[in-house]
Amino acid sequence: MSDQPSNPMRDAIQEAIGENPVILFMKGNPDAPACGFSARTVAILQSMGARFAAVDILPDPRIRQELSAISNWPTIPQLFVGGELIGGCDIVSEMYESGELFETLGIKAPVAEPEPVAATTARPAPLSIENRL
Amino acid sequence: MSATPQELKERIEAGIPGSVVEVTGDGHHFNAVVSAPAFAGLNRIAQHRLVYDVFGAEVGDRIHALSIQTIIPSPTPEEAR
């Protein structure tokens, strides 16, 4: 191990993942995403009011190379929360739609719309409603 | 040579035993819906890794983008009885 070459890029990425509670590695930056998947992920996080750090992987190909080596995940974007890989665009989208992402990010979910009453238990609206004007 | 949805489908089905796979795509961007008993008990990251692992370094390179939806098949009515 002692003769393992130092890898400043890998160290810097690992440090960034460790120091930022929520960090997104993406193509482009949140104001100008350079890929549809990155754009969608940013849009989801922003719509939730999440605070997140963002790293553009495009300026240096080594960023992506080292990031994927660390995370064992081949695609971009990659969202990390609390140092753990949450996933890319597909997983973030699924978790957003299911509501799980709010919990993961420690954000209070918006007040849910009233659950539609299950069809099997719904009763027909009472017919006694006065509407004779 | 660019990849085809059919190629991806066959490789995933060969790589993940018992999987049922639908792939759409244009030769660069692909969308795979993968149903496999092997996903049971795995979190989403691990499920998606099983699919990515079929292609190794080709993802991001020859296969420019691979969008994945994983499904754990529910038991058939026969099995559930």
# chains A, B, ... in the order shown; residues from 1 in each chain; ligands from 1
$ interface_residues --of "chain A" --to "chain B" --cutoff "10 Å" --atoms "only C-alpha atoms" --output "number ranges by chain"
A: 37, 72-76, 85-91, 94-95
$ write_last_selection --atoms "C-alpha atoms" --output "compact mmCIF listing (two decimals), in the first residue's frame"
# COMPACT_ATOMS: atom_id res chain seq x y z
CA PHE A 37 -30.61 13.48 -17.26
CA ASN A 72 -19.01 1.74 -8.79
CA TRP A 73 -21.68 3.49 -10.86
CA PRO A 74 -21.15 4.09 -14.57
CA THR A 75 -23.45 6.96 -15.44
CA ILE A 76 -23.89 10.65 -14.71
CA LEU A 85 -24.73 7.07 -3.41
CA ILE A 86 -28.48 7.45 -3.82
CA GLY A 87 -28.52 6.94 -7.58
CA GLY A 88 -28.80 8.62 -10.91
CA CYS A 89 -31.67 10.22 -12.74
CA ASP A 90 -33.85 7.10 -12.86
CA ILE A 91 -33.63 6.33 -9.16
CA GLU A 94 -38.59 7.12 -8.86
CA MET A 95 -37.87 8.19 -5.30
$ closest_residue --among "B:His29, B:Ile72, B:Arg11, B:Ile63" --to "Gly41 in chain B" --atoms "only C-alpha atoms"
B:Ile72
$ closest_residue --among "A:Arg62, A:Lys108, A:Arg51, A:Lys27" --to "Gln78 in chain A" --atoms "only C-alpha atoms"
A:Lys27
$ select_by_dssp --residues "chain B" --states "strand (DSSP E or B)" --output "list in words"
Val20, Val21, Glu22, Val23, Thr24, Gly25, His29, Phe30, Asn31, Ala32, Val33, Val34, Ser35, Val59, Ile63, Ala65, Leu66, Ser67, Ile68, Gln69, Thr70 and Ile71 of chain B
$ select_by_dssp --residues "chain B" --states "helix (DSSP H, G or I)" --output "PyMOL selection string"
chain B and resi 5-15+37-39+44-58+77-80
$ residues_around --residues "Glu13 in chain B" --least-positions-apart "3" --cutoff "10 Å" --atoms "only C-alpha atoms" --output "PyMOL selection string"
chain B and resi 7-10+16-22+34-36+51+54
$ write_last_selection --atoms "C-alpha atoms" --output "PDB file, in the first residue's frame"
ATOM      1  CA  GLU B   7     -28.901  -6.857 -28.465  1.00  0.00           C
ATOM      2  CA  LEU B   8     -29.311  -5.191 -25.074  1.00  0.00           C
ATOM      3  CA  LYS B   9     -32.431  -7.202 -24.314  1.00  0.00           C
ATOM      4  CA  GLU B  10     -30.709 -10.485 -25.133  1.00  0.00           C
ATOM      5  CA  ILE B  16     -29.648 -12.020 -15.248  1.00  0.00           C
ATOM      6  CA  PRO B  17     -31.247 -15.447 -15.011  1.00  0.00           C
ATOM      7  CA  GLY B  18     -35.024 -15.436 -15.137  1.00  0.00           C
ATOM      8  CA  SER B  19     -35.256 -11.816 -16.221  1.00  0.00           C
ATOM      9  CA  VAL B  20     -37.901 -10.472 -18.549  1.00  0.00           C
ATOM     10  CA  VAL B  21     -36.645  -7.437 -20.407  1.00  0.00           C
ATOM     11  CA  GLU B  22     -38.069  -4.756 -22.653  1.00  0.00           C
ATOM     12  CA  VAL B  34     -36.172  -5.294 -16.361  1.00  0.00           C
ATOM     13  CA  SER B  35     -38.212  -7.670 -14.277  1.00  0.00           C
ATOM     14  CA  ALA B  36     -36.165 -10.238 -12.390  1.00  0.00           C
ATOM     15  CA  VAL B  51     -28.086  -4.484 -14.989  1.00  0.00           C
ATOM     16  CA  VAL B  54     -23.949  -6.838 -17.818  1.00  0.00           C
TER      17      VAL B  54
END
$ closest_residue --among "A:Gly99, A:Ser47, A:Glu19, A:Ile13" --to "Gln65 in chain A" --atoms "only C-alpha atoms"
A:Ile13
$ closest_residue --among "A:Val81, A:Asn20, A:Met26, A:Glu15" --to "Ser38 in chain A" --atoms "only C-alpha atoms"
A:Met26
$ residues_around --residues "Val42 in chain A" --least-positions-apart "3" --cutoff "12 Å" --atoms "only C-alpha atoms" --output "JSON, numbers by chain"
{"A": [23, 24, 25, 26, 27, 28, 29, 30, 31, 32, 33, 34, 35, 36, 37, 38, 39, 45, 46, 47, 48, 49, 50, 51, 52, 53, 54, 55, 77, 78, 79, 88, 89, 92, 93, 96]}
$ residues_around --residues "Arg62 in chain B" --least-positions-apart "5" --cutoff "8 Å" --atoms "only C-alpha atoms" --output "list in words"
Ser2, Ala3 and His28 of chain B
$ write_last_selection --atoms "N, CA and C atoms" --output "PDB file, in the first residue's frame"
ATOM      1  N   SER B   2     -23.082   0.362 -33.739  1.00  0.00           N
ATOM      2  CA  SER B   2     -23.940   0.830 -32.651  1.00  0.00           C
ATOM      3  C   SER B   2     -24.784  -0.320 -32.110  1.00  0.00           C
ATOM      4  N   ALA B   3     -25.155  -0.178 -30.881  1.00  0.00           N
ATOM      5  CA  ALA B   3     -25.915  -1.225 -30.207  1.00  0.00           C
ATOM      6  C   ALA B   3     -27.382  -1.153 -30.641  1.00  0.00           C
ATOM      7  N   HIS B  28     -28.160   4.849 -29.222  1.00  0.00           N
ATOM      8  CA  HIS B  28     -27.269   5.540 -28.278  1.00  0.00           C
ATOM      9  C   HIS B  28     -27.913   5.650 -26.892  1.00  0.00           C
TER      10      HIS B  28
END
